[in-house]
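Colleague: Below are the C-alpha cells for one structure; questions will follow.
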Amino acid sequence: MDKDRFSAHGEVHAHYQPTQKILHIDLVGPFNLEFMQKYERVVGAQRKTIDSPCWGSLVNVHGLALAPMQATNAGQEIVSKAVALGLVATAVVLHEAEGVEMQKKFWSRVYESSTLAFEYFDDTTLATQWLSERVLASVQARSVDQLNSAKR
C-alpha cells in the first residue's frame with residue numbers, strides 16, 4: 001500500500017429512482033479526500049443510469065459530515081459535473097443534531113460554488129417534497145423552452 005495515501009474515511013451508498021427523478025445518496029461521515037474519490041465512483045456509476053435531462057439528489061447525512069478543504073474542493077468539482085449532467089436541486093437531510101451549523105457551513109461551501117438550488121432539512125419526507133417540486137418545475141421549464149425553440 002502506498003504510504004502517502006490514506007484509506008477512504010466515510011461511507012456512501014446511492015440509488016436512482018427514475019419515477020421520482022431523484023438520486024438517493026446516503027452518507028456517513030466524517031470524510032477525507034480519498035472518500036471523495038470513492039464517492040465519485042459510487043455516485044458516478046448511478047449518474048450514468050440517469051436518462052432524464054432534469055433530476056435531483058436527496059442526500060441523507062449521518063454522522064459528523066465534515067471534511068478537510070481539499071475534500072471540499074473535490075466536492076465542488078463533483079457538483080459542477082453533476083449540474084452539467086442535469087442535476088437541478090439537492091436536498092440535504094442532516095440526521096445528526098451535533099454540529100449542524102458546522103455541517104451546513106461545509107455543505108454550503110460545496111454547493112454555493114455552483115448554480116445548484118439546495119436546501120437543508122431534518123425530515124426526509126419534507127426534503128423529498130421540496131426536491132420533487134424543484135425537479136418538476138425544471139422539467140416544465142425545459143419543455144416550454146423546447147416548445148419555444150421549435151416555434152422559431
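By order of appearance in the C-alpha cells: chains A, B, ..., then residues from 1 within every chain, and ligands from 1 in the order shown.
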Can you tell me which residues surround A:Ser132 at a distance of at most 8 Å, considering only C-alpha atoms, apart from same-chain residues fewer than 3 positions away, and format the answer as JSON, numbers by chain?

Modeller: {"A": [20, 21, 22, 56, 128, 129, 135, 136]}

Colleague: Excluding A:Val88 and any residue of its chain fewer than 5 positions from it, enumerate the residues within 8 Å of it, using only C-alpha atoms, and give them as a ChimeraX atom specification.

Modeller: /A:54-56,83,116-117,134-135,138

Colleague: Which residue out of A:Val59, A:Val139, A:Leu85, A:Ala67 has the minimum interatomic distance to A:Pro30 when only C-alpha atoms are used?

Modeller: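 The shortest atom-to-atom distance to A:Pro30 comes from A:Ala67.
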
Colleague: For stretch 94-98 of chain A, find every residue with an atom within 9 Å (counting only C-alpha atoms), except residues of its own chain fewer than 5 positions away, and show them as an MDAnalysis selection string.

Modeller: chainID A and resid 59:65 103:104 120:123

Colleague: DSSP on the backbone: what in stretch 24-102 of chain A comes out strand (DSSP E), as number ranges by chain?

Modeller: A: 24-28, 55-62, 87-94

Colleague: Quick one: write out the picked residues with N, CA and C atoms as a CSV table (one decimal), in the first residue's frame?

Modeller:
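Output saved as part_4.csv:
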chain,number,residue,atom,x,y,z
A,24,HIS,N,-30.9,9.1,-4.8
A,24,HIS,CA,-30.8,9.0,-3.3
A,24,HIS,C,-29.4,8.6,-2.9
A,25,ILE,N,-28.8,9.5,-2.1
A,25,ILE,CA,-27.4,9.3,-1.6
A,25,ILE,C,-27.4,9.2,-0.1
A,26,ASP,N,-26.8,8.2,0.4
A,26,ASP,CA,-26.7,8.0,1.9
A,26,ASP,C,-25.2,8.1,2.2
A,27,LEU,N,-24.9,9.0,3.2
A,27,LEU,CA,-23.5,9.3,3.6
A,27,LEU,C,-23.4,9.1,5.1
A,28,VAL,N,-22.2,8.6,5.5
A,28,VAL,CA,-21.8,8.5,6.9
A,28,VAL,C,-20.5,9.2,7.0
A,55,TRP,N,-33.0,16.2,-13.0
A,55,TRP,CA,-33.1,15.3,-11.8
A,55,TRP,C,-32.6,16.0,-10.6
A,56,GLY,N,-32.9,15.4,-9.5
A,56,GLY,CA,-32.5,16.0,-8.2
A,56,GLY,C,-31.7,14.9,-7.4
A,57,SER,N,-31.1,15.4,-6.3
A,57,SER,CA,-30.4,14.5,-5.4
A,57,SER,C,-30.9,14.7,-4.0
A,58,LEU,N,-31.2,13.6,-3.3
A,58,LEU,CA,-31.6,13.6,-1.9
A,58,LEU,C,-30.4,13.0,-1.1
A,59,VAL,N,-29.7,13.9,-0.4
A,59,VAL,CA,-28.5,13.4,0.4
A,59,VAL,C,-28.9,13.3,1.9
A,60,ASN,N,-28.9,12.0,2.3
A,60,ASN,CA,-29.1,11.7,3.7
A,60,ASN,C,-27.7,11.6,4.4
A,61,VAL,N,-27.5,12.5,5.4
A,61,VAL,CA,-26.2,12.6,6.0
A,61,VAL,C,-26.3,12.1,7.4
A,62,HIS,N,-25.5,11.1,7.8
A,62,HIS,CA,-25.4,10.6,9.1
A,62,HIS,C,-24.0,10.8,9.6
A,87,LEU,N,-28.4,17.8,-13.0
A,87,LEU,CA,-28.8,18.0,-11.6
A,87,LEU,C,-29.3,19.4,-11.4
A,88,VAL,N,-30.5,19.5,-10.9
A,88,VAL,CA,-31.1,20.9,-10.8
A,88,VAL,C,-31.3,21.3,-9.3
A,89,ALA,N,-31.3,20.3,-8.4
A,89,ALA,CA,-31.5,20.7,-7.0
A,89,ALA,C,-31.0,19.6,-6.1
A,90,THR,N,-30.6,19.9,-4.9
A,90,THR,CA,-30.2,19.0,-3.9
A,90,THR,C,-30.9,19.3,-2.6
A,91,ALA,N,-31.5,18.3,-1.9
A,91,ALA,CA,-32.0,18.4,-0.6
A,91,ALA,C,-31.0,17.6,0.3
A,92,VAL,N,-30.5,18.3,1.3
A,92,VAL,CA,-29.6,17.7,2.3
A,92,VAL,C,-30.3,17.5,3.6
A,93,VAL,N,-30.4,16.2,4.0
A,93,VAL,CA,-31.1,15.9,5.3
A,93,VAL,C,-30.0,15.6,6.3
A,94,LEU,N,-29.9,16.4,7.3
A,94,LEU,CA,-28.8,16.3,8.3
A,94,LEU,C,-29.5,15.5,9.5

Colleague: Return the single residue from A:Ser80, A:Gln140, A:Gln17, A:Thr49 that is closest to A:Ser114, with distances computed using only C-alpha atoms.

Modeller: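 Checking each candidate against A:Ser114, we get A:Ser80 as the closest.
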
Colleague: Compile the contact shell of A:Gly44 as a short mmCIF file (atom, residue, chain, number, x, y, z; two decimals) with all heavy atoms, in the first residue's frame: residues with an atom at most 12 Å away, counting only C-alpha atoms, same-chain residues fewer than 4 positions apart removed.

Modeller:
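Generated output (result-v3.cif):
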data_model
loop_
_atom_site.label_atom_id
_atom_site.label_comp_id
_atom_site.auth_asym_id
_atom_site.auth_seq_id
_atom_site.Cartn_x
_atom_site.Cartn_y
_atom_site.Cartn_z
N VAL A 12 -20.60 5.63 1.62
CA VAL A 12 -21.52 6.18 0.64
C VAL A 12 -22.28 5.05 -0.04
O VAL A 12 -21.71 4.01 -0.37
CB VAL A 12 -20.78 7.05 -0.42
CG1 VAL A 12 -19.71 6.26 -1.14
CG2 VAL A 12 -21.76 7.66 -1.41
N HIS A 13 -23.58 5.26 -0.19
CA HIS A 13 -24.46 4.35 -0.93
C HIS A 13 -25.38 5.22 -1.78
O HIS A 13 -25.78 6.30 -1.34
CB HIS A 13 -25.28 3.47 0.02
CG HIS A 13 -24.44 2.67 0.96
ND1 HIS A 13 -23.83 1.50 0.58
CD2 HIS A 13 -24.08 2.90 2.24
CE1 HIS A 13 -23.13 1.04 1.60
NE2 HIS A 13 -23.26 1.87 2.62
N ALA A 14 -25.70 4.75 -2.98
CA ALA A 14 -26.55 5.55 -3.86
C ALA A 14 -27.42 4.66 -4.73
O ALA A 14 -27.03 3.55 -5.10
CB ALA A 14 -25.67 6.43 -4.76
N HIS A 15 -28.62 5.16 -5.01
CA HIS A 15 -29.51 4.51 -5.98
C HIS A 15 -30.42 5.57 -6.60
O HIS A 15 -30.79 6.54 -5.95
CB HIS A 15 -30.31 3.36 -5.34
CG HIS A 15 -31.34 3.83 -4.36
ND1 HIS A 15 -31.03 4.14 -3.05
CD2 HIS A 15 -32.67 4.02 -4.49
CE1 HIS A 15 -32.13 4.52 -2.43
NE2 HIS A 15 -33.14 4.45 -3.27
N TYR A 16 -30.74 5.36 -7.86
CA TYR A 16 -31.56 6.31 -8.60
C TYR A 16 -32.99 5.76 -8.71
O TYR A 16 -33.18 4.59 -9.05
CB TYR A 16 -30.99 6.56 -10.00
CG TYR A 16 -31.79 7.53 -10.81
CD1 TYR A 16 -31.89 8.86 -10.43
CD2 TYR A 16 -32.46 7.12 -11.96
CE1 TYR A 16 -32.64 9.76 -11.18
CE2 TYR A 16 -33.20 8.02 -12.72
CZ TYR A 16 -33.29 9.34 -12.31
OH TYR A 16 -34.04 10.23 -13.05
N LEU A 23 -31.94 11.00 -7.33
CA LEU A 23 -30.79 10.18 -6.96
C LEU A 23 -30.68 10.23 -5.43
O LEU A 23 -30.46 11.30 -4.86
CB LEU A 23 -29.52 10.72 -7.62
CG LEU A 23 -28.21 10.03 -7.29
CD1 LEU A 23 -28.26 8.55 -7.65
CD2 LEU A 23 -27.06 10.72 -7.98
N ILE A 25 -28.79 9.47 -2.08
CA ILE A 25 -27.41 9.27 -1.64
C ILE A 25 -27.40 9.23 -0.12
O ILE A 25 -27.92 10.15 0.53
CB ILE A 25 -26.50 10.41 -2.15
CG1 ILE A 25 -26.57 10.52 -3.67
CG2 ILE A 25 -25.06 10.20 -1.67
CD1 ILE A 25 -25.93 11.77 -4.23
N MET A 36 -13.76 11.24 -1.23
CA MET A 36 -14.37 11.93 -2.37
C MET A 36 -14.16 11.11 -3.65
O MET A 36 -15.03 11.08 -4.52
CB MET A 36 -13.81 13.34 -2.53
CG MET A 36 -14.08 14.23 -1.30
SD MET A 36 -15.79 14.23 -0.75
CE MET A 36 -16.48 15.45 -1.83
N GLN A 37 -13.04 10.43 -3.75
CA GLN A 37 -12.80 9.56 -4.91
C GLN A 37 -13.75 8.36 -4.86
O GLN A 37 -14.31 7.96 -5.88
CB GLN A 37 -11.35 9.11 -4.92
CG GLN A 37 -10.39 10.27 -5.13
CD GLN A 37 -8.96 9.97 -4.71
OE1 GLN A 37 -8.68 8.97 -4.06
NE2 GLN A 37 -8.05 10.86 -5.08
N LYS A 38 -13.94 7.80 -3.68
CA LYS A 38 -14.89 6.70 -3.50
C LYS A 38 -16.31 7.18 -3.83
O LYS A 38 -17.07 6.49 -4.52
CB LYS A 38 -14.82 6.19 -2.06
CG LYS A 38 -15.80 5.10 -1.71
CD LYS A 38 -15.62 4.69 -0.25
CE LYS A 38 -16.63 3.67 0.18
NZ LYS A 38 -16.44 3.29 1.60
N TYR A 39 -16.66 8.36 -3.35
CA TYR A 39 -17.97 8.95 -3.61
C TYR A 39 -18.21 9.04 -5.12
O TYR A 39 -19.26 8.66 -5.63
CB TYR A 39 -18.05 10.35 -2.99
CG TYR A 39 -19.33 11.08 -3.29
CD1 TYR A 39 -20.38 11.07 -2.38
CD2 TYR A 39 -19.50 11.80 -4.47
CE1 TYR A 39 -21.56 11.75 -2.66
CE2 TYR A 39 -20.66 12.47 -4.75
CZ TYR A 39 -21.69 12.44 -3.85
OH TYR A 39 -22.87 13.10 -4.13
N GLU A 40 -17.23 9.55 -5.83
CA GLU A 40 -17.40 9.73 -7.28
C GLU A 40 -17.55 8.38 -7.98
O GLU A 40 -18.30 8.27 -8.95
CB GLU A 40 -16.23 10.53 -7.86
CG GLU A 40 -16.41 10.90 -9.30
CD GLU A 40 -17.67 11.69 -9.63
OE1 GLU A 40 -18.33 12.24 -8.73
OE2 GLU A 40 -18.01 11.79 -10.84
N LYS A 48 -24.67 7.60 -14.28
CA LYS A 48 -24.64 7.08 -15.65
C LYS A 48 -25.95 6.39 -16.04
O LYS A 48 -26.23 6.23 -17.22
CB LYS A 48 -23.47 6.09 -15.82
CG LYS A 48 -22.13 6.77 -15.82
CD LYS A 48 -21.00 5.77 -15.94
CE LYS A 48 -19.66 6.49 -15.88
NZ LYS A 48 -18.53 5.56 -15.94
N THR A 49 -26.74 5.99 -15.05
CA THR A 49 -28.02 5.33 -15.33
C THR A 49 -29.16 6.32 -15.54
O THR A 49 -30.25 5.92 -15.94
CB THR A 49 -28.41 4.36 -14.19
OG1 THR A 49 -28.75 5.12 -13.02
CG2 THR A 49 -27.29 3.38 -13.89
N ILE A 50 -28.93 7.59 -15.27
CA ILE A 50 -29.99 8.60 -15.33
C ILE A 50 -30.21 9.01 -16.78
O ILE A 50 -29.29 9.46 -17.46
CB ILE A 50 -29.64 9.82 -14.46
CG1 ILE A 50 -29.50 9.38 -13.00
CG2 ILE A 50 -30.69 10.92 -14.62
CD1 ILE A 50 -29.00 10.46 -12.07
N ILE A 78 -17.19 17.80 -8.20
CA ILE A 78 -18.20 16.76 -8.40
C ILE A 78 -19.56 17.39 -8.65
O ILE A 78 -20.29 16.97 -9.55
CB ILE A 78 -18.23 15.81 -7.18
CG1 ILE A 78 -16.96 14.96 -7.14
CG2 ILE A 78 -19.48 14.93 -7.21
CD1 ILE A 78 -16.77 14.19 -5.84
N VAL A 79 -19.92 18.41 -7.88
CA VAL A 79 -21.21 19.09 -8.06
C VAL A 79 -21.27 19.75 -9.44
O VAL A 79 -22.29 19.66 -10.13
CB VAL A 79 -21.46 20.11 -6.93
CG1 VAL A 79 -22.65 21.01 -7.25
CG2 VAL A 79 -21.69 19.38 -5.61
N LYS A 81 -19.82 18.85 -12.20
CA LYS A 81 -20.04 17.80 -13.20
C LYS A 81 -21.50 17.35 -13.19
O LYS A 81 -22.10 17.15 -14.25
CB LYS A 81 -19.15 16.58 -12.91
CG LYS A 81 -17.71 16.73 -13.27
CD LYS A 81 -17.03 15.38 -13.05
CE LYS A 81 -15.62 15.53 -12.58
NZ LYS A 81 -14.99 14.26 -12.24
N ALA A 82 -22.06 17.16 -12.00
CA ALA A 82 -23.45 16.69 -11.89
C ALA A 82 -24.42 17.72 -12.45
O ALA A 82 -25.38 17.36 -13.14
CB ALA A 82 -23.78 16.38 -10.43
N LEU A 85 -24.70 17.50 -16.01
CA LEU A 85 -25.43 16.31 -16.44
C LEU A 85 -26.94 16.39 -16.15
O LEU A 85 -27.65 15.42 -16.37
CB LEU A 85 -24.85 15.07 -15.77
CG LEU A 85 -23.42 14.72 -16.18
CD1 LEU A 85 -22.88 13.59 -15.31
CD2 LEU A 85 -23.38 14.34 -17.65
#

Colleague: Please give the complete set of residues from stretch 3-78 of chain A that DSSP, run on the backbone, assigns to helix (DSSP H, G or I), formatted as a PyMOL selection string.

Modeller: chain A and resi 33-47+69-78

Colleague: Counting only C-alpha atoms, figure out which residue out of A:Glu34, A:Leu66, A:Glu133, A:Arg47 gets nearest to A:Glu101.

Modeller: A:Leu66
